[in-house]
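Working notes for the structure below.
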Amino acid sequence: MDRTEQTEQKTWTVGDVVVHRVDEIALPPETGAWLLPAATPGVVTGQPWLRPGFATPEGTLRLASHSFAFETGGLKVVVDTGIGNGKTRANPAWDRLDTGYLQRLTAAGFAPETVDLVVLTHLHTDHVGWNTRAAADGTWIPTFPNARYVTSRTEWDHWAGQADTMDENRRQMFRDSVDPVRDAGLVDLADVHDGPTEIAPGLRLLPTPGHTPGQVAVEVHSAGRTAVITGDCVHHPVQLAHPAITSCVDTDPEQAVRTRRDLLAALAGTDTLLLGTHFPPPTAGHVTADGDGYRLVPAS
């Protein structure tokens with residue numbers, strides 16, 4: 001099983017804000033074909049701009065797990081927390097990881113105890129894992145003990161409504177990565193409805209439903225500049241070229257396509273930086289129209 005750690009340090013400047021990509025792992029090659037089944041090798045190789053960073057010459061998608069960290073309004077913020085270490089997971093690529101993620105986060109200037117705000121775009125396994133870490137007695141405790149953990153109320157209520165019916169694998173994820181921060185009183189729920197919702201200076205949540213009912217993207221704005229962190233409304237840049245490509249785990253695929261089209265149309269031709277939550281290096285770029293779809297022009 002390929003569990004290659006990504007360790008390249010990368011930052012982008014958005015006005016007065018420096019956004020750090022904090023790497024966890026490169027996802028194994030078979031991930032793309034499972035996650036985005038319509039992104040066949042023929043579809044992928046038909047977009048030469050995806051190579052070499054976003055896809056192999058043979059048309060295999062490259063995907064990654066990482067967080068974004070930045071400081072805005074005097075707050076240290078981490079967006080999404082990856083898969084986590086030592087967690088029992090059904091996916092062999094995610095099972096009982098042992099990575100240097102926390103060391104990289106600390107080296108970037110975001111030691112866990114200094115983080116003020118953790119934003120969860122949605123409550124899927126590969127976005128909440130580092131919410132907690134294992135204590136000496138084997139229990140799961142908040143990784144960021146001084147932070148508020150924020151997600152949308154719609155997202156929280158969706159999963160709460162499934163508490164009695166969710167499968168054991170998802171239930172395990174809630175037990176080790178979500179329930180402990182709730183029980184510690186660290187969860188805040190944001191009411192995100194039809195438009196952007198500010199949760200801190202220079203930081204807004206954008207409703208991007210479809211992958212999950214309450215998923216959000218994260219907008220950072222400073223000194224006239226803007227960046228948007230995708231969450232899973234865009235898993236991979238091939239979905240810029242073909243916005244109708246959906247994920248096998250979208251709760252509402254038709255809504256996911258509408259959300260993606262609306263977001264890409266709003267960003268195309270602007271100087272807003274798009275930061276992909278699962279995009280491998282080069283990870284970030286600007287959206288430009290390209291035929292019937294779009295492409296990503298990587299940012300330096």
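By convention here, the chains of the structure tokens are called A, B, ... in the order presented, each chain's residues are numbered starting at 1, and ligands are numbered starting at 1 in the order presented.
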
Might you pull out every residue within 12 Å of Ala111 in chain A, with only C-alpha atoms counted and same-chain residues fewer than 3 positions away left off, and present them as a compact mmCIF listing (two decimals) with N, CA, C and O atoms, in the first residue's frame?
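Listed below is the output, out35.txt:
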```txt
# COMPACT_ATOMS: atom_id res chain seq x y z
N VAL A 22 -0.10 22.30 4.73
CA VAL A 22 0.52 21.39 5.69
C VAL A 22 0.20 19.97 5.24
O VAL A 22 -0.94 19.51 5.34
N ALA A 69 -3.28 26.28 6.66
CA ALA A 69 -3.16 27.01 7.92
C ALA A 69 -2.74 28.45 7.62
O ALA A 69 -1.91 28.70 6.75
N LYS A 76 -5.07 32.19 14.70
CA LYS A 76 -4.41 31.12 13.95
C LYS A 76 -5.47 30.09 13.57
O LYS A 76 -6.18 29.56 14.43
N VAL A 77 -5.56 29.81 12.27
CA VAL A 77 -6.64 29.01 11.71
C VAL A 77 -6.08 27.79 10.99
O VAL A 77 -5.10 27.90 10.24
N VAL A 78 -6.72 26.64 11.18
CA VAL A 78 -6.44 25.44 10.41
C VAL A 78 -7.73 25.01 9.72
O VAL A 78 -8.78 24.93 10.36
N TYR A 101 2.73 14.78 10.38
CA TYR A 101 1.87 15.93 10.15
C TYR A 101 1.99 16.98 11.24
O TYR A 101 2.14 18.18 10.96
N LEU A 102 1.91 16.58 12.50
CA LEU A 102 1.96 17.57 13.59
C LEU A 102 3.29 18.30 13.63
O LEU A 102 3.34 19.50 13.93
N GLN A 103 4.37 17.59 13.33
CA GLN A 103 5.67 18.25 13.29
C GLN A 103 5.71 19.30 12.17
O GLN A 103 6.25 20.39 12.35
N ARG A 104 5.11 18.97 11.02
CA ARG A 104 5.08 19.93 9.93
C ARG A 104 4.18 21.12 10.26
O ARG A 104 4.50 22.27 9.92
N LEU A 105 3.07 20.85 10.92
CA LEU A 105 2.19 21.94 11.33
C LEU A 105 2.91 22.87 12.30
O LEU A 105 2.84 24.10 12.18
N THR A 106 3.62 22.30 13.24
CA THR A 106 4.36 23.10 14.22
C THR A 106 5.47 23.89 13.54
O THR A 106 5.68 25.08 13.84
N ALA A 107 6.18 23.26 12.61
CA ALA A 107 7.27 23.94 11.90
C ALA A 107 6.74 25.12 11.08
O ALA A 107 7.47 26.11 10.88
N ALA A 108 5.49 25.04 10.64
CA ALA A 108 4.90 26.14 9.89
C ALA A 108 4.45 27.29 10.79
O ALA A 108 4.03 28.34 10.30
N THR A 114 -1.42 26.50 20.00
CA THR A 114 -1.53 27.91 19.61
C THR A 114 -2.66 28.17 18.63
O THR A 114 -2.96 29.32 18.33
N VAL A 115 -3.29 27.12 18.12
CA VAL A 115 -4.34 27.29 17.11
C VAL A 115 -5.63 27.76 17.79
O VAL A 115 -6.05 27.23 18.82
N ASP A 116 -6.25 28.78 17.19
CA ASP A 116 -7.47 29.38 17.75
C ASP A 116 -8.75 28.85 17.12
O ASP A 116 -9.80 28.84 17.76
N THR A 143 -6.78 17.55 19.64
CA THR A 143 -5.42 17.94 19.24
C THR A 143 -5.19 19.42 19.48
O THR A 143 -4.08 19.84 19.82
N PHE A 144 -6.25 20.22 19.30
CA PHE A 144 -6.17 21.68 19.41
C PHE A 144 -7.00 22.11 20.63
O PHE A 144 -8.15 22.56 20.48
N PRO A 145 -6.46 21.99 21.83
CA PRO A 145 -7.28 22.15 23.04
C PRO A 145 -7.77 23.56 23.27
O PRO A 145 -8.72 23.76 24.04
N ASN A 146 -7.14 24.55 22.64
CA ASN A 146 -7.52 25.94 22.86
C ASN A 146 -8.30 26.52 21.69
O ASN A 146 -8.54 27.74 21.65
N ALA A 147 -8.67 25.68 20.75
CA ALA A 147 -9.36 26.14 19.54
C ALA A 147 -10.85 25.90 19.63
O ALA A 147 -11.33 25.02 20.37
```

**Report entry** Distance in Å - CA of Asn169 in chain A versus CA of Gly138 in chain A
**Finding:**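 Computing it gives 19.0 Å between the two atoms.
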
Requested in this report: Compile the contact shell of range 249-258 of chain A as a ChimeraX atom specification: residues with an atom at most 8 Å away, counting only C-alpha atoms, same-chain residues fewer than 4 positions apart removed.
Outcome: /A:35,208-213,233,243-245,262

Keeping N, CA and C atoms, export the residues of the selection given above as a PDB file, in the first residue's frame.
```
ATOM      1  N   LEU A  35     -12.802   7.306  -6.611  1.00  0.00           N
ATOM      2  CA  LEU A  35     -13.498   8.510  -6.171  1.00  0.00           C
ATOM      3  C   LEU A  35     -14.249   9.188  -7.302  1.00  0.00           C
ATOM      4  N   THR A 208     -21.585  25.271  -0.135  1.00  0.00           N
ATOM      5  CA  THR A 208     -21.245  24.475  -1.319  1.00  0.00           C
ATOM      6  C   THR A 208     -21.838  23.069  -1.172  1.00  0.00           C
ATOM      7  N   PRO A 209     -23.158  22.958  -1.071  1.00  0.00           N
ATOM      8  CA  PRO A 209     -23.781  21.664  -0.820  1.00  0.00           C
ATOM      9  C   PRO A 209     -23.711  20.736  -2.033  1.00  0.00           C
ATOM     10  N   GLY A 210     -23.920  19.467  -1.750  1.00  0.00           N
ATOM     11  CA  GLY A 210     -23.957  18.455  -2.798  1.00  0.00           C
ATOM     12  C   GLY A 210     -23.110  17.261  -2.447  1.00  0.00           C
ATOM     13  N   HIS A 211     -21.833  17.514  -2.164  1.00  0.00           N
ATOM     14  CA  HIS A 211     -20.989  16.413  -1.696  1.00  0.00           C
ATOM     15  C   HIS A 211     -21.516  15.913  -0.363  1.00  0.00           C
ATOM     16  N   THR A 212     -21.801  16.843   0.526  1.00  0.00           N
ATOM     17  CA  THR A 212     -22.626  16.596   1.710  1.00  0.00           C
ATOM     18  C   THR A 212     -23.610  17.761   1.803  1.00  0.00           C
ATOM     19  N   PRO A 213     -24.697  17.606   2.570  1.00  0.00           N
ATOM     20  CA  PRO A 213     -25.709  18.667   2.591  1.00  0.00           C
ATOM     21  C   PRO A 213     -25.215  20.002   3.134  1.00  0.00           C
ATOM     22  N   CYS A 233     -16.069  20.298  -2.793  1.00  0.00           N
ATOM     23  CA  CYS A 233     -16.927  20.665  -3.929  1.00  0.00           C
ATOM     24  C   CYS A 233     -16.150  20.530  -5.237  1.00  0.00           C
ATOM     25  N   PRO A 243     -17.015  19.776 -15.268  1.00  0.00           N
ATOM     26  CA  PRO A 243     -17.708  19.974 -13.985  1.00  0.00           C
ATOM     27  C   PRO A 243     -18.773  18.927 -13.688  1.00  0.00           C
ATOM     28  N   ALA A 244     -19.238  18.199 -14.694  1.00  0.00           N
ATOM     29  CA  ALA A 244     -20.277  17.193 -14.472  1.00  0.00           C
ATOM     30  C   ALA A 244     -19.723  15.902 -13.880  1.00  0.00           C
ATOM     31  N   ILE A 245     -18.402  15.756 -13.774  1.00  0.00           N
ATOM     32  CA  ILE A 245     -17.827  14.570 -13.136  1.00  0.00           C
ATOM     33  C   ILE A 245     -18.111  14.633 -11.641  1.00  0.00           C
ATOM     34  N   ASP A 262     -21.466  26.765 -10.450  1.00  0.00           N
ATOM     35  CA  ASP A 262     -21.659  28.130  -9.945  1.00  0.00           C
ATOM     36  C   ASP A 262     -20.351  28.698  -9.394  1.00  0.00           C
TER      37      ASP A 262
END
```

Requested in this report: Quick one: everything within 10 Å of Tyr149 in chain A, counting only C-alpha atoms, minus sequence neighbours fewer than 3 positions away in the same chain. Send it as a ChimeraX atom specification.
Outcome: /A:77-80,116-120,131,142,144-146,178,181-182,185-189

Residue subset to file, keeping C-alpha atoms, as a PDB file, in the first residue's frame:
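And here's selection00.pdb as it stands now:
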```pdb
ATOM      1  CA  VAL A  77      -6.641  29.008  11.713  1.00  0.00           C
ATOM      2  CA  VAL A  78      -6.437  25.437  10.406  1.00  0.00           C
ATOM      3  CA  VAL A  79      -8.831  24.320   7.652  1.00  0.00           C
ATOM      4  CA  ASP A  80      -9.633  20.592   7.639  1.00  0.00           C
ATOM      5  CA  ASP A 116      -7.469  29.376  17.749  1.00  0.00           C
ATOM      6  CA  LEU A 117      -9.870  28.099  15.103  1.00  0.00           C
ATOM      7  CA  VAL A 118     -10.317  24.795  13.267  1.00  0.00           C
ATOM      8  CA  VAL A 119     -12.674  24.985  10.288  1.00  0.00           C
ATOM      9  CA  LEU A 120     -14.188  21.711   9.095  1.00  0.00           C
ATOM     10  CA  ASN A 131      -9.291  16.809  15.355  1.00  0.00           C
ATOM     11  CA  PRO A 142      -8.613  17.216  21.174  1.00  0.00           C
ATOM     12  CA  PHE A 144      -6.167  21.675  19.414  1.00  0.00           C
ATOM     13  CA  PRO A 145      -7.275  22.147  23.039  1.00  0.00           C
ATOM     14  CA  ASN A 146      -7.521  25.944  22.861  1.00  0.00           C
ATOM     15  CA  VAL A 178     -15.789  14.164  16.311  1.00  0.00           C
ATOM     16  CA  VAL A 181     -14.284  17.621  20.590  1.00  0.00           C
ATOM     17  CA  ARG A 182     -18.042  17.869  21.090  1.00  0.00           C
ATOM     18  CA  GLY A 185     -17.353  21.718  24.507  1.00  0.00           C
ATOM     19  CA  LEU A 186     -15.180  22.934  21.617  1.00  0.00           C
ATOM     20  CA  VAL A 187     -17.680  22.768  18.724  1.00  0.00           C
ATOM     21  CA  ASP A 188     -19.324  25.881  17.278  1.00  0.00           C
ATOM     22  CA  LEU A 189     -22.008  25.643  14.595  1.00  0.00           C
TER      23      LEU A 189
END
```

Query raised in the report: A:Ile229, A:Ala93, A:Val128, A:Ala135: which is nearest Asp179 in chain A, counting only C-alpha atoms?
Result: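 Of A:Ile229, A:Ala93, A:Val128, A:Ala135, the one nearest Asp179 in chain A is A:Val128, counting only C-alpha atoms.
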
Query - Test item: residues at most 10 Å from Ala200 in chain A, only C-alpha atoms, excluding those fewer than 4 positions along its chain, as a list in words - result: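 Neighbouring residues, sequence-local ones excluded: Thr72, Gly73, Gly74, Leu75, Val77, Leu117, Arg204, Leu205 and Val220 of chain A.
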
**Report entry** Given only C-alpha atoms as the counted atoms, nearest of A:Met173, A:Ala38, A:Ala26, A:Val192 to Arg89 in chain A
**Finding:**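 Residue with the minimum atom-to-atom distance to Arg89 in chain A: A:Met173.
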
Requested in this report: Extract the full set of alpha helix (DSSP H) residues from range 134-204 of chain A according to DSSP on the backbone, and format it as a ChimeraX atom specification.
Outcome: /A:153-160,168-173,179-183

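With only C-alpha atoms as the atoms that count, the residue of A:Asp271, A:Thr121, A:Pro92, A:Thr283 with the shortest distance to Gly224 in chain A is A:Asp271.
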
Requested in this report: Give me the residues within 10 Å of Asp292 in chain A as an NGL selection string, counting only C-alpha atoms and dropping any in the same chain fewer than 3 places off.
Outcome: :A and (240-243 or 289)

Query raised in the report: Could you work out how far CA of Pro281 in chain A lies from CA of Thr31 in chain A, giving the answer in Å with one decimal?
Result: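 A separation of 16.4 Å between them.
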
Report task. Check the smallest atom-to-atom distance from each of A:Gly42, A:Pro57, A:Gly269, A:Gly202 to Arg225 in chain A using only C-alpha atoms, then report the winner. Result ->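 Answer, going by the shortest atom-to-atom distance: A:Gly202.
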
**Report entry** Contacts of Ile83 in chain A within 10 Å, only C-alpha atoms, excl. fewer than 4 positions in-chain, as a PyMOL selection string
**Finding:** chain A and resi 24-25+65-66+87+89+93-97+124-131+173+177

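From CA of Gly82 in chain A back to CA of His20 in chain A, the distance works out to 14.5 Å.
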
Requested in this report: Could you check which of A:Phe70, A:Asp98, A:Pro41, A:Val14 is closest to Thr272 in chain A, using only C-alpha atoms?
Outcome: A:Val14

Query raised in the report: Pick the closest to Ala90 in chain A from A:Arg260, A:Arg133, A:Arg21, A:Arg171: which is it, counting only C-alpha atoms?
Result: A:Arg171

Query - Which of range 136-273 of chain A DSSP labels strand (DSSP E or B), written as a VMD selection string - result: chain A and resid 140 to 142 148 to 152 187 to 190 197 to 200 203 to 207 216 to 222 225 to 229 273
